[in-house]
file structure_30.tsv (TSV, C-alpha atoms and all ligand atoms)
chain	number	residue	atom	x	y	z
A	1	MET	CA	12.03	2.37	-28.25
A	2	SER	CA	15.33	0.47	-28.34
A	3	ILE	CA	17.53	0.07	-25.26
A	4	GLN	CA	20.04	2.38	-27.01
A	5	SER	CA	17.55	5.19	-27.48
A	6	VAL	CA	16.28	4.68	-23.94
A	7	ALA	CA	19.86	5.00	-22.71
A	8	ALA	CA	20.43	8.16	-24.73
A	9	SER	CA	17.31	9.79	-23.33
A	10	ALA	CA	18.21	8.69	-19.80
A	11	ALA	CA	21.62	10.29	-20.07
A	12	SER	CA	20.08	13.60	-21.05
A	13	ASP	CA	17.03	13.61	-18.81
A	14	GLN	CA	17.33	11.72	-15.56
A	15	GLY	CA	20.04	10.98	-13.08
A	16	ASP	CA	21.01	7.40	-12.28
A	17	ALA	CA	19.87	7.67	-8.66
A	18	ASP	CA	16.40	8.66	-9.75
A	19	LEU	CA	16.20	5.76	-12.20
A	20	LEU	CA	17.46	3.35	-9.56
A	21	ALA	CA	14.61	4.45	-7.28
A	22	THR	CA	12.18	3.87	-10.13
A	23	TYR	CA	13.66	0.41	-10.74
A	24	ARG	CA	13.35	-0.46	-7.06
A	25	LEU	CA	9.71	0.64	-7.07
A	26	MET	CA	8.92	-1.44	-10.16
A	27	LEU	CA	10.73	-4.45	-8.72
A	28	LEU	CA	8.74	-4.15	-5.49
A	29	MET	CA	5.48	-3.99	-7.48
A	30	ARG	CA	6.37	-7.07	-9.54
A	31	ARG	CA	7.52	-9.18	-6.57
A	32	PHE	CA	4.54	-8.04	-4.51
A	33	GLU	CA	2.12	-9.19	-7.22
A	34	GLU	CA	3.91	-12.53	-7.54
A	35	SER	CA	3.65	-13.11	-3.81
A	36	LEU	CA	-0.09	-12.43	-3.90
A	37	TYR	CA	-0.73	-15.24	-6.32
A	38	ARG	CA	0.96	-17.65	-3.91
A	39	LYS	CA	-1.10	-16.38	-0.98
A	40	TYR	CA	-4.30	-16.61	-3.02
A	41	ARG	CA	-3.59	-20.25	-3.85
A	42	GLU	CA	-2.93	-20.94	-0.17
A	43	GLY	CA	-6.40	-19.59	0.55
A	44	LYS	CA	-5.05	-16.67	2.60
A	45	ILE	CA	-6.49	-14.07	0.20
A	46	GLY	CA	-10.17	-14.31	-0.65
A	47	GLY	CA	-12.37	-12.52	-3.15
A	48	TYR	CA	-10.92	-11.38	-6.39
A	49	LEU	CA	-7.39	-10.39	-7.36
A	50	HIS	CA	-6.14	-8.46	-10.41
A	51	ARG	CA	-2.40	-8.16	-10.96
A	52	TYR	CA	-0.39	-5.40	-12.64
A	53	ASP	CA	2.58	-7.43	-13.98
A	54	GLY	CA	3.80	-5.77	-17.18
A	55	GLN	CA	2.00	-2.48	-16.56
A	56	GLU	CA	4.28	-1.16	-13.78
A	57	ALA	CA	5.75	1.72	-15.78
A	58	LEU	CA	2.32	3.39	-15.94
A	59	VAL	CA	2.45	3.89	-12.20
A	60	ALA	CA	6.17	4.04	-11.41
A	61	GLY	CA	6.71	6.66	-14.12
A	62	VAL	CA	3.83	8.88	-13.03
A	63	ILE	CA	2.82	8.81	-9.35
A	64	PRO	CA	6.30	9.71	-7.98
A	65	GLN	CA	5.98	13.01	-9.88
A	66	LEU	CA	3.01	14.13	-7.76
A	67	ILE	CA	3.27	16.60	-4.89
A	68	LYS	CA	1.47	16.87	-1.56
A	69	GLY	CA	-2.22	17.58	-2.00
A	70	ASP	CA	-2.51	15.75	-5.34
A	71	TYR	CA	-4.92	12.83	-5.60
A	72	VAL	CA	-4.95	9.41	-7.26
A	73	LEU	CA	-7.96	7.35	-8.34
A	74	CYS	CA	-7.76	3.99	-10.08
A	75	THR	CA	-9.50	0.72	-10.88
A	76	TYR	CA	-9.63	-2.64	-9.12
A	77	ARG	CA	-6.12	-3.35	-10.52
A	78	ASP	CA	-4.81	-1.14	-7.74
A	79	HIS	CA	-1.95	-2.71	-5.75
A	80	ALA	CA	0.84	-0.94	-7.65
A	81	HIS	CA	-0.92	2.42	-7.30
A	82	ALA	CA	-1.18	2.04	-3.52
A	83	ILE	CA	2.50	1.08	-3.26
A	84	ALA	CA	3.53	4.13	-5.32
A	85	CYS	CA	1.34	6.45	-3.23
A	86	GLY	CA	3.25	5.33	-0.16
A	87	THR	CA	0.75	2.97	1.45
A	88	SER	CA	2.76	0.49	3.49
A	89	PRO	CA	3.09	-3.05	2.10
A	90	ARG	CA	1.87	-4.24	5.52
A	91	ALA	CA	-1.41	-2.31	5.23
A	92	ILE	CA	-1.92	-3.50	1.65
A	93	MET	CA	-1.21	-7.14	2.45
A	94	ALA	CA	-3.46	-7.02	5.53
A	95	GLU	CA	-6.25	-5.53	3.43
A	96	LEU	CA	-5.89	-8.31	0.87
A	97	MET	CA	-6.19	-10.86	3.67
A	98	GLY	CA	-9.25	-9.09	5.09
A	99	LYS	CA	-7.59	-8.04	8.36
A	100	ALA	CA	-8.46	-5.12	10.65
A	101	THR	CA	-4.98	-3.63	10.12
A	102	GLY	CA	-5.60	-3.33	6.38
A	103	CYS	CA	-5.76	0.08	4.72
A	104	ALA	CA	-9.57	-0.23	4.41
A	105	GLY	CA	-9.97	-1.93	7.80
A	106	GLY	CA	-10.10	-5.34	6.10
A	107	LYS	CA	-13.50	-4.66	4.57
A	108	GLY	CA	-12.46	-3.59	1.07
A	109	GLY	CA	-10.08	-6.27	-0.13
A	110	SER	CA	-7.96	-6.25	-3.26
A	111	MET	CA	-10.23	-4.02	-5.36
A	112	HIS	CA	-10.78	-1.34	-2.72
A	113	LEU	CA	-7.42	-0.31	-1.37
A	114	ILE	CA	-7.54	3.28	-0.10
A	115	ASP	CA	-5.23	5.66	1.74
A	116	PRO	CA	-6.55	9.25	1.83
A	117	ALA	CA	-3.67	10.44	4.06
A	118	ASN	CA	-1.36	9.71	1.13
A	119	GLY	CA	-3.73	11.19	-1.47
A	120	PHE	CA	-4.85	7.77	-2.63
A	121	LEU	CA	-8.63	7.92	-3.01
A	122	GLY	CA	-8.84	4.32	-3.87
A	123	GLY	CA	-9.39	1.50	-6.25
A	124	ASP	CA	-12.89	0.95	-7.63
A	125	GLY	CA	-14.62	-2.32	-8.50
A	126	ILE	CA	-16.87	-0.60	-11.02
A	127	VAL	CA	-15.43	-0.49	-14.54
A	128	GLY	CA	-15.17	3.22	-15.41
A	129	GLY	CA	-16.16	4.16	-11.84
A	130	PRO	CA	-13.15	6.38	-11.06
A	131	VAL	CA	-13.83	8.69	-14.02
A	132	PRO	CA	-17.04	10.38	-12.78
A	133	VAL	CA	-15.46	10.56	-9.31
A	134	SER	CA	-12.45	12.37	-10.80
A	135	VAL	CA	-14.73	15.18	-11.97
A	136	GLY	CA	-15.82	15.80	-8.39
A	137	VAL	CA	-12.24	15.74	-7.16
A	138	GLY	CA	-11.02	17.97	-10.00
A	139	PHE	CA	-13.89	20.40	-9.46
A	140	ALA	CA	-13.11	20.61	-5.74
A	141	ILE	CA	-9.45	21.38	-6.44
A	142	LYS	CA	-10.38	24.13	-8.89
A	143	TYR	CA	-13.16	25.57	-6.71
A	144	ARG	CA	-10.78	25.87	-3.76
A	145	GLY	CA	-8.13	27.42	-5.97
A	146	ASP	CA	-5.56	24.79	-4.99
A	147	LYS	CA	-2.55	24.17	-7.23
A	148	ASN	CA	-3.13	20.43	-7.23
A	149	VAL	CA	-4.08	17.75	-9.72
A	150	CYS	CA	-6.03	14.52	-9.74
A	151	LEU	CA	-4.62	11.49	-11.52
A	152	CYS	CA	-7.29	9.11	-12.76
A	153	TYR	CA	-6.44	5.66	-14.10
A	154	PHE	CA	-8.91	3.53	-16.06
A	155	GLY	CA	-8.91	0.75	-18.66
A	156	ASP	CA	-9.54	0.44	-22.38
A	157	GLY	CA	-12.78	-1.46	-21.69
A	158	ALA	CA	-14.01	1.41	-19.51
A	159	MET	CA	-13.55	3.77	-22.45
A	160	ASN	CA	-16.79	2.35	-23.87
A	161	GLN	CA	-18.87	3.22	-20.79
A	162	GLY	CA	-21.50	5.96	-21.11
A	163	GLY	CA	-20.72	7.52	-17.74
A	164	VAL	CA	-17.05	7.81	-18.69
A	165	HIS	CA	-17.91	9.99	-21.67
A	166	GLU	CA	-20.30	12.17	-19.65
A	167	ALA	CA	-17.51	12.70	-17.14
A	168	LEU	CA	-14.85	13.39	-19.77
A	169	ASN	CA	-17.18	15.93	-21.35
A	170	MET	CA	-17.46	17.79	-18.04
A	171	ALA	CA	-13.73	17.59	-17.36
A	172	GLY	CA	-13.08	19.12	-20.79
A	173	LEU	CA	-15.89	21.68	-20.51
A	174	TYR	CA	-15.00	22.92	-17.02
A	175	GLY	CA	-11.22	22.76	-17.55
A	176	LEU	CA	-10.50	20.56	-14.57
A	177	PRO	CA	-6.95	19.77	-13.36
A	178	ILE	CA	-7.18	16.05	-14.03
A	179	VAL	CA	-4.67	13.79	-15.77
A	180	TYR	CA	-6.36	10.71	-17.17
A	181	ILE	CA	-4.15	7.69	-17.66
A	182	LEU	CA	-5.79	5.16	-19.95
A	183	GLU	CA	-4.24	1.77	-19.17
A	184	ASN	CA	-4.65	0.33	-22.64
A	185	ASN	CA	-3.59	-3.29	-22.17
A	186	GLY	CA	-5.52	-4.35	-25.26
A	187	TYR	CA	-8.20	-6.35	-23.48
A	188	ALA	CA	-11.25	-5.99	-21.27
A	189	MET	CA	-11.23	-9.44	-19.68
A	190	GLY	CA	-11.21	-11.61	-22.83
A	191	THR	CA	-12.48	-8.98	-25.29
A	192	SER	CA	-9.89	-7.18	-27.39
A	193	VAL	CA	-10.04	-3.46	-28.12
A	194	GLU	CA	-10.54	-4.27	-31.82
A	195	ARG	CA	-13.65	-6.30	-31.02
A	196	SER	CA	-15.22	-3.74	-28.71
A	197	THR	CA	-14.98	-0.33	-30.32
A	198	GLY	CA	-15.56	1.20	-33.72
A	199	GLN	CA	-12.80	3.72	-32.99
A	200	PRO	CA	-9.69	2.17	-31.43
A	201	GLU	CA	-7.76	5.47	-31.57
A	202	MET	CA	-8.33	6.43	-27.95
A	203	VAL	CA	-6.86	9.93	-28.20
A	204	LEU	CA	-9.59	10.90	-30.66
A	205	LYS	CA	-12.21	10.06	-28.05
A	206	ALA	CA	-10.57	12.31	-25.48
A	207	GLN	CA	-9.98	15.11	-27.98
A	208	ALA	CA	-13.69	14.96	-28.86
A	209	HIS	CA	-14.31	16.21	-25.31
A	210	GLY	CA	-11.82	19.07	-25.61
A	211	ILE	CA	-9.10	17.27	-23.67
A	212	ASP	CA	-5.41	17.39	-24.65
A	213	ALA	CA	-4.43	13.83	-25.54
A	214	GLU	CA	-1.32	11.86	-26.41
A	215	THR	CA	-0.43	8.20	-26.99
A	216	VAL	CA	2.56	6.89	-25.05
A	217	ASP	CA	4.59	3.66	-25.19
A	218	GLY	CA	3.68	2.33	-21.75
A	219	MET	CA	6.46	-0.28	-21.84
A	220	ASP	CA	9.06	2.49	-21.95
A	221	ILE	CA	9.50	3.99	-18.49
A	222	LEU	CA	11.35	7.04	-19.82
A	223	ALA	CA	8.66	7.86	-22.36
A	224	VAL	CA	6.04	7.48	-19.62
A	225	ARG	CA	7.91	9.78	-17.24
A	226	ASP	CA	8.42	12.37	-19.89
A	227	ALA	CA	4.81	12.45	-21.11
A	228	ALA	CA	3.44	12.36	-17.54
A	229	GLY	CA	5.71	15.20	-16.45
A	230	ARG	CA	4.41	17.40	-19.24
A	231	ALA	CA	0.76	16.45	-18.71
A	232	ILE	CA	0.92	16.98	-14.93
A	233	ALA	CA	2.58	20.38	-15.43
A	234	ARG	CA	-0.09	21.47	-17.95
A	235	ALA	CA	-2.95	20.29	-15.71
A	236	ARG	CA	-1.42	22.11	-12.74
A	237	GLU	CA	-0.39	25.35	-14.44
A	238	GLU	CA	-3.03	25.75	-17.14
A	239	VAL	CA	-5.81	24.03	-15.17
A	240	ARG	CA	-7.11	21.89	-17.97
A	241	ALA	CA	-7.73	18.17	-18.34
A	242	GLN	CA	-5.09	15.92	-19.91
A	243	PHE	CA	-5.33	12.41	-21.29
A	244	LEU	CA	-2.50	9.95	-21.85
A	245	GLU	CA	-3.28	6.71	-23.61
A	246	MET	CA	-0.58	4.37	-22.38
A	247	ARG	CA	-0.13	1.29	-24.57
A	248	THR	CA	0.73	-1.61	-22.32
A	249	TYR	CA	0.09	-5.31	-21.76
A	250	ARG	CA	-0.76	-7.48	-18.80
A	251	PHE	CA	1.53	-10.48	-18.61
A	252	VAL	CA	-0.90	-12.53	-16.52
A	253	GLY	CA	-4.61	-13.28	-16.77
A	254	HIS	CA	-7.32	-10.68	-16.21
A	255	GLY	CA	-7.72	-11.95	-12.66
A	256	VAL	CA	-6.69	-15.04	-10.74
A	257	ALA	CA	-9.43	-17.17	-12.31
A	258	ASP	CA	-8.18	-16.38	-15.81
A	259	ASN	CA	-5.51	-19.08	-16.07
A	260	ALA	CA	-3.31	-19.96	-19.05
A	261	GLN	CA	-5.92	-22.37	-20.40
A	262	GLN	CA	-8.67	-19.73	-20.27
A	263	GLN	CA	-6.44	-17.16	-21.94
A	264	ARG	CA	-6.07	-19.39	-25.01
A	265	PHE	CA	-9.64	-18.40	-25.90
A	266	TYR	CA	-8.60	-14.82	-26.55
A	267	ARG	CA	-4.81	-14.48	-26.96
A	268	THR	CA	-1.91	-16.60	-28.17
A	269	GLU	CA	1.24	-17.60	-26.35
A	270	ASP	CA	3.23	-15.99	-29.17
A	271	GLU	CA	1.49	-12.68	-28.51
A	272	ILE	CA	2.29	-12.85	-24.80
A	273	ALA	CA	5.93	-13.79	-25.52
A	274	ALA	CA	6.28	-10.91	-28.01
A	275	TRP	CA	5.10	-8.38	-25.40
A	276	LYS	CA	7.36	-9.90	-22.74
A	277	GLU	CA	10.28	-8.95	-24.97
A	278	HIS	CA	9.35	-5.38	-23.97
A	279	ASP	CA	9.10	-6.06	-20.24
A	280	PRO	CA	9.57	-2.55	-18.75
A	281	LEU	CA	11.30	-3.93	-15.67
A	282	ILE	CA	13.91	-5.88	-17.66
A	283	LYS	CA	14.41	-2.99	-20.06
A	284	LEU	CA	15.13	-0.64	-17.18
A	285	ARG	CA	17.43	-3.17	-15.49
A	286	ASN	CA	19.41	-3.56	-18.76
A	287	LEU	CA	19.62	0.19	-19.11
A	288	LEU	CA	20.97	0.64	-15.58
A	289	VAL	CA	23.48	-2.18	-16.08
A	290	ALA	CA	24.62	-0.66	-19.39
A	291	HIS	CA	25.14	2.67	-17.60
A	292	GLY	CA	27.17	1.01	-14.86
A	293	ALA	CA	24.53	2.17	-12.36
A	294	LEU	CA	23.52	-1.36	-11.33
A	295	THR	CA	25.63	-4.48	-10.83
A	296	ASP	CA	24.39	-8.04	-10.39
A	297	ALA	CA	25.34	-7.77	-6.71
A	298	ASP	CA	23.30	-4.53	-6.31
A	299	ASP	CA	20.38	-6.21	-8.02
A	300	GLU	CA	20.55	-9.24	-5.75
A	301	ALA	CA	20.77	-6.97	-2.67
A	302	MET	CA	17.67	-5.11	-3.85
A	303	GLU	CA	15.87	-8.40	-4.47
A	304	SER	CA	16.61	-9.67	-0.99
A	305	GLU	CA	15.64	-6.39	0.68
A	306	ILE	CA	12.32	-6.50	-1.22
A	307	ARG	CA	11.84	-10.17	-0.34
A	308	ALA	CA	12.28	-9.26	3.34
A	309	THR	CA	9.76	-6.38	3.03
A	310	ILE	CA	7.18	-8.69	1.50
A	311	GLU	CA	7.80	-11.48	4.02
A	312	ASP	CA	7.38	-8.93	6.81
A	313	ALA	CA	4.10	-7.74	5.27
A	314	ILE	CA	2.83	-11.31	4.98
A	315	ARG	CA	3.77	-12.11	8.59
A	316	PHE	CA	2.11	-8.91	9.81
A	317	ALA	CA	-1.06	-9.63	7.83
A	318	GLU	CA	-1.30	-13.26	8.89
A	319	GLU	CA	-0.86	-12.35	12.56
A	320	SER	CA	-3.41	-9.50	12.45
A	321	PRO	CA	-6.98	-10.04	13.67
A	322	PRO	CA	-10.04	-9.86	11.42
A	323	PRO	CA	-12.26	-6.76	11.78
A	324	PRO	CA	-14.48	-7.03	14.88
A	325	LEU	CA	-18.13	-7.84	14.31
A	326	GLU	CA	-19.17	-4.52	15.90
A	327	SER	CA	-17.43	-2.68	13.05
A	328	LEU	CA	-19.78	-4.16	10.45
A	329	TYR	CA	-21.86	-0.99	10.10
A	330	GLU	CA	-18.96	1.45	10.30
A	331	HIS	CA	-17.93	3.32	7.12
A	332	VAL	CA	-21.29	2.69	5.47
A	333	TYR	CA	-22.43	6.32	5.75
A	334	ALA	CA	-20.26	9.40	6.25
A	335	GLU	CA	-20.49	10.84	9.78
A	336	GLY	CA	-21.96	14.27	10.35
B	1	LIG	C1	-19.79	-1.61	-14.59
B	1	LIG	C2	-19.07	-2.92	-14.65
B	1	LIG	N1	-19.32	-3.76	-15.68
B	1	LIG	C3	-18.68	-4.95	-15.75
B	1	LIG	C4	-17.80	-5.33	-14.77
B	1	LIG	C5	-17.06	-6.66	-14.87
B	1	LIG	N2	-15.68	-6.41	-15.28
B	1	LIG	C6	-14.70	-6.39	-14.37
B	1	LIG	S1	-13.23	-6.01	-15.06
B	1	LIG	C7	-13.88	-5.90	-16.60
B	1	LIG	C8	-13.00	-5.56	-17.79
B	1	LIG	C9	-12.52	-4.15	-17.81
B	1	LIG	O1	-11.46	-4.00	-18.73
B	1	LIG	P1	-10.57	-2.70	-18.79
B	1	LIG	O2	-11.39	-1.49	-18.54
B	1	LIG	O3	-9.85	-2.76	-20.09
B	1	LIG	O4	-9.54	-2.84	-17.57
B	1	LIG	P2	-8.45	-3.97	-17.32
B	1	LIG	O5	-9.10	-5.07	-16.55
B	1	LIG	O6	-7.93	-4.41	-18.64
B	1	LIG	O7	-7.40	-3.30	-16.49
B	1	LIG	C10	-15.25	-6.17	-16.57
B	1	LIG	C11	-16.10	-6.18	-17.76
B	1	LIG	C12	-17.59	-4.42	-13.69
B	1	LIG	N3	-16.75	-4.69	-12.70
B	1	LIG	N4	-18.20	-3.22	-13.67
B	2	MG	MG	-7.93	-3.45	-20.50
call {"tool": "encode", "arguments": {"input": "structure_30.tsv", "output": "structure tokens"}}
result
Amino acid sequence: MSIQSVAASAASDQGDADLLATYRLMLLMRRFEESLYRKYREGKIGGYLHRYDGQEALVAGVIPQLIKGDYVLCTYRDHAHAIACGTSPRAIMAELMGKATGCAGGKGGSMHLIDPANGFLGGDGIVGGPVPVSVGVGFAIKYRGDKNVCLCYFGDGAMNQGGVHEALNMAGLYGLPIVYILENNGYAMGTSVERSTGQPEMVLKAQAHGIDAETVDGMDILAVRDAAGRAIARAREEVRAQFLEMRTYRFVGHGVADNAQQQRFYRTEDEIAAWKEHDPLIKLRNLLVAHGALTDADDEAMESEIRATIEDAIRFAEESPPPPLESLYEHVYAEG
């Protein structure tokens, strides 16, 4: 979608204030991810780390549309999801640094952020793992008769997992109030979609399970918001599963170990540059500027406020203690 058509649809659909809030959220996600790479290189963050740069619209255009009592499940690429659910940057940063003040008590790390009080049921280190879990969550919502939905994010690589298809079959069969968001960034680590499936049209796979499905330009925040709004409303009102294949791209490597040199084995610099032309953050910034809703001074003020938030989170995390040894066996089994 061109900037012009984005602007036209913004004028008809969404107010400037709402879009500014979305821009702020996306900017926070991007700057947060960038700061993590620095902390990883300093040795402050251990374990693994998967960034969301380039994919922000998939979260910023969807999660803010949820209401109290709705749930979110996602993969190990989960920092943006936690931010959008309302988990504090302090609790996320402390979790990444393995501190007791982290949102999983410092024992989950980057791939296992969680915040049930805000409806965030967590990231998952198992590829495809959130999809079977979503069936349990969706069934519980329906069984209780609640007017809620479960959002479930997963990747294009996960779409080839057996358990994912068993779960999608049940979600379609039982008519569960789940909205699946397929984060189709074109690659599962270094393997492209084209090399890993005989049927790259993802919507056909969902439709085969009796699930309403649509493909969305995931680099276009307005298209994402629109499609998500409709899918969430259908899941909530009609109590049936929905599937949105969001076409997107990750601007950085699969994880921190996947550096520029490694990436040459599976994608070209030209390809990355071509996708960066569609950077959802820059597109939204240009749209707001064109509308007169954002000036350079506003943008700089937002940048410095976000910088301060992240610096505060880093300070908090670095000063927090590690989990005490006695807590080692806590949270292994549910109590009672
Ligand atoms: C069951 C399982 N198999 C393999 C892995 C190793 N692994 C981690 S991420 C990944 C790629 C998944 O790609 P995709 O589903 O497209 O998500 P993306 O990383 O692109 O967001 C693989 C194979 C894993 N974590 N879990
Ligand atoms: Mg992928």
call {"tool": "closest_atom_pairs", "arguments": {"input": "structure_30.tsv", "of": "chain A", "to": "ligand MG 2 (chain B)", "cutoff": "7 Å", "atoms": "all atoms listed in the file", "output": "CSV"}}
result
residue,atom,partner,partner_atom,distance
A:Gly155,CA,B:MG2,MG,4.7
A:Asp156,CA,B:MG2,MG,4.6
A:Gly157,CA,B:MG2,MG,5.4
A:Glu183,CA,B:MG2,MG,6.5
A:Asn184,CA,B:MG2,MG,5.4
A:Asn185,CA,B:MG2,MG,4.7
A:Gly186,CA,B:MG2,MG,5.4
A:Tyr187,CA,B:MG2,MG,4.2
A:Ala188,CA,B:MG2,MG,4.3
A:Met189,CA,B:MG2,MG,6.9
call {"tool": "atom_distance", "arguments": {"input": "structure_30.tsv", "atom1": "atom CA of Val149 of chain A", "atom2": "atom CA of Gly61 of chain A"}}
result
16.1 Å
call {"tool": "residues_near_point", "arguments": {"input": "structure_30.tsv", "point": "(19.6, -10.5, -16.3)", "cutoff": "12 Å", "atoms": "all atoms listed in the file", "output": "PyMOL selection string"}}
result
chain A and resi 281-290+294-297+299-300
call {"tool": "residues_near_ligand", "arguments": {"input": "structure_30.tsv", "ligand": "ligand LIG 1 (chain B)", "cutoff": "10 Å", "atoms": "all atoms listed in the file", "output": "PyMOL selection string"}}
result
chain A and resi 50-52+55+74-78+111+124-129+153-161+163+182-193+248-250+253-255
call {"tool": "write_last_selection", "arguments": {"input": "structure_30.tsv", "atoms": "C-alpha atoms", "output": "PDB file, in the frame of the given file"}}
result
ATOM      1  CA  HIS A  50      -6.140  -8.460 -10.410  1.00  0.00           C
ATOM      2  CA  ARG A  51      -2.400  -8.160 -10.960  1.00  0.00           C
ATOM      3  CA  TYR A  52      -0.390  -5.400 -12.640  1.00  0.00           C
ATOM      4  CA  GLN A  55       2.000  -2.480 -16.560  1.00  0.00           C
ATOM      5  CA  CYS A  74      -7.760   3.990 -10.080  1.00  0.00           C
ATOM      6  CA  THR A  75      -9.500   0.720 -10.880  1.00  0.00           C
ATOM      7  CA  TYR A  76      -9.630  -2.640  -9.120  1.00  0.00           C
ATOM      8  CA  ARG A  77      -6.120  -3.350 -10.520  1.00  0.00           C
ATOM      9  CA  ASP A  78      -4.810  -1.140  -7.740  1.00  0.00           C
ATOM     10  CA  MET A 111     -10.230  -4.020  -5.360  1.00  0.00           C
ATOM     11  CA  ASP A 124     -12.890   0.950  -7.630  1.00  0.00           C
ATOM     12  CA  GLY A 125     -14.620  -2.320  -8.500  1.00  0.00           C
ATOM     13  CA  ILE A 126     -16.870  -0.600 -11.020  1.00  0.00           C
ATOM     14  CA  VAL A 127     -15.430  -0.490 -14.540  1.00  0.00           C
ATOM     15  CA  GLY A 128     -15.170   3.220 -15.410  1.00  0.00           C
ATOM     16  CA  GLY A 129     -16.160   4.160 -11.840  1.00  0.00           C
ATOM     17  CA  TYR A 153      -6.440   5.660 -14.100  1.00  0.00           C
ATOM     18  CA  PHE A 154      -8.910   3.530 -16.060  1.00  0.00           C
ATOM     19  CA  GLY A 155      -8.910   0.750 -18.660  1.00  0.00           C
ATOM     20  CA  ASP A 156      -9.540   0.440 -22.380  1.00  0.00           C
ATOM     21  CA  GLY A 157     -12.780  -1.460 -21.690  1.00  0.00           C
ATOM     22  CA  ALA A 158     -14.010   1.410 -19.510  1.00  0.00           C
ATOM     23  CA  MET A 159     -13.550   3.770 -22.450  1.00  0.00           C
ATOM     24  CA  ASN A 160     -16.790   2.350 -23.870  1.00  0.00           C
ATOM     25  CA  GLN A 161     -18.870   3.220 -20.790  1.00  0.00           C
ATOM     26  CA  GLY A 163     -20.720   7.520 -17.740  1.00  0.00           C
ATOM     27  CA  LEU A 182      -5.790   5.160 -19.950  1.00  0.00           C
ATOM     28  CA  GLU A 183      -4.240   1.770 -19.170  1.00  0.00           C
ATOM     29  CA  ASN A 184      -4.650   0.330 -22.640  1.00  0.00           C
ATOM     30  CA  ASN A 185      -3.590  -3.290 -22.170  1.00  0.00           C
ATOM     31  CA  GLY A 186      -5.520  -4.350 -25.260  1.00  0.00           C
ATOM     32  CA  TYR A 187      -8.200  -6.350 -23.480  1.00  0.00           C
ATOM     33  CA  ALA A 188     -11.250  -5.990 -21.270  1.00  0.00           C
ATOM     34  CA  MET A 189     -11.230  -9.440 -19.680  1.00  0.00           C
ATOM     35  CA  GLY A 190     -11.210 -11.610 -22.830  1.00  0.00           C
ATOM     36  CA  THR A 191     -12.480  -8.980 -25.290  1.00  0.00           C
ATOM     37  CA  SER A 192      -9.890  -7.180 -27.390  1.00  0.00           C
ATOM     38  CA  VAL A 193     -10.040  -3.460 -28.120  1.00  0.00           C
ATOM     39  CA  THR A 248       0.730  -1.610 -22.320  1.00  0.00           C
ATOM     40  CA  TYR A 249       0.090  -5.310 -21.760  1.00  0.00           C
ATOM     41  CA  ARG A 250      -0.760  -7.480 -18.800  1.00  0.00           C
ATOM     42  CA  GLY A 253      -4.610 -13.280 -16.770  1.00  0.00           C
ATOM     43  CA  HIS A 254      -7.320 -10.680 -16.210  1.00  0.00           C
ATOM     44  CA  GLY A 255      -7.720 -11.950 -12.660  1.00  0.00           C
TER      45      GLY A 255
END
call {"tool": "atom_distance", "arguments": {"input": "structure_30.tsv", "atom1": "atom CA of Ala17 of chain A", "atom2": "atom CA of Asp298 of chain A"}}
result
12.9 Å
call {"tool": "closest_residue", "arguments": {"input": "structure_30.tsv", "among": "A:Thr87, A:Ala80, A:Arg247, A:Ile232", "to": "Asn148 of chain A", "atoms": "all atoms listed in the file"}}
result
A:Ile232
call {"tool": "atom_distance", "arguments": {"input": "structure_30.tsv", "atom1": "atom CA of Glu166 of chain A", "atom2": "atom CA of Ala231 of chain A"}}
result
21.5 Å
call {"tool": "closest_residue", "arguments": {"input": "structure_30.tsv", "among": "A:Glu194, A:Asp212, A:Asp312, A:Asp270", "to": "Val239 of chain A", "atoms": "all atoms listed in the file"}}
result
A:Asp212
call {"tool": "residues_around", "arguments": {"input": "structure_30.tsv", "residues": "Ala235 of chain A", "least_positions_apart": "4", "cutoff": "10 Å", "atoms": "only C-alpha atoms", "output": "ChimeraX atom specification"}}
result
/A:147-151,175-179,212,230-231,239-243
call {"tool": "closest_residue", "arguments": {"input": "structure_30.tsv", "among": "A:Met202, A:Leu113, A:Ile310, A:Ala257", "to": "Arg41 of chain A", "atoms": "only C-alpha atoms"}}
result
A:Ala257
call {"tool": "residues_near_point", "arguments": {"input": "structure_30.tsv", "point": "(5.3, -12.6, -11.5)", "cutoff": "12 Å", "atoms": "all atoms listed in the file", "output": "PyMOL selection string"}}
result
chain A and resi 26-38+51-56+250-253+276+279+281
call {"tool": "closest_residue", "arguments": {"input": "structure_30.tsv", "among": "A:Lys205, A:Arg24, A:Lys39, A:Arg144", "to": "Ala94 of chain A", "atoms": "all atoms listed in the file"}}
result
A:Lys39
call {"tool": "residues_around", "arguments": {"input": "structure_30.tsv", "residues": "Asp220 of chain A", "least_positions_apart": "2", "cutoff": "9 Å", "atoms": "only C-alpha atoms", "output": "list in words"}}
result
Met1, Val6, Ala57, Val216, Asp217, Gly218, Leu222, Ala223, Val224, Arg225, His278, Asp279, Pro280, Lys283 and Leu284 of chain A
call {"tool": "axis_aligned_box", "arguments": {"input": "structure_30.tsv", "around": "segment 312-321 of chain A", "padding_each_side": "3 Å", "output": "lines of an AutoDock Vina configuration file"}}
result
center_x = 0.2
center_y = -10.5
center_z = 9.3
size_x = 20.4
size_y = 11.5
size_z = 14.7
call {"tool": "closest_residue", "arguments": {"input": "structure_30.tsv", "among": "A:Tyr333, A:Phe265, A:Tyr71, A:Tyr180", "to": "Leu58 of chain A", "atoms": "all atoms listed in the file"}}
result
A:Tyr180
call {"tool": "residues_around", "arguments": {"input": "structure_30.tsv", "residues": "Pro322 of chain A", "least_positions_apart": "4", "cutoff": "12 Å", "atoms": "only C-alpha atoms", "output": "number ranges by chain"}}
result
A: 94-102, 104-107, 317-318, 326-328
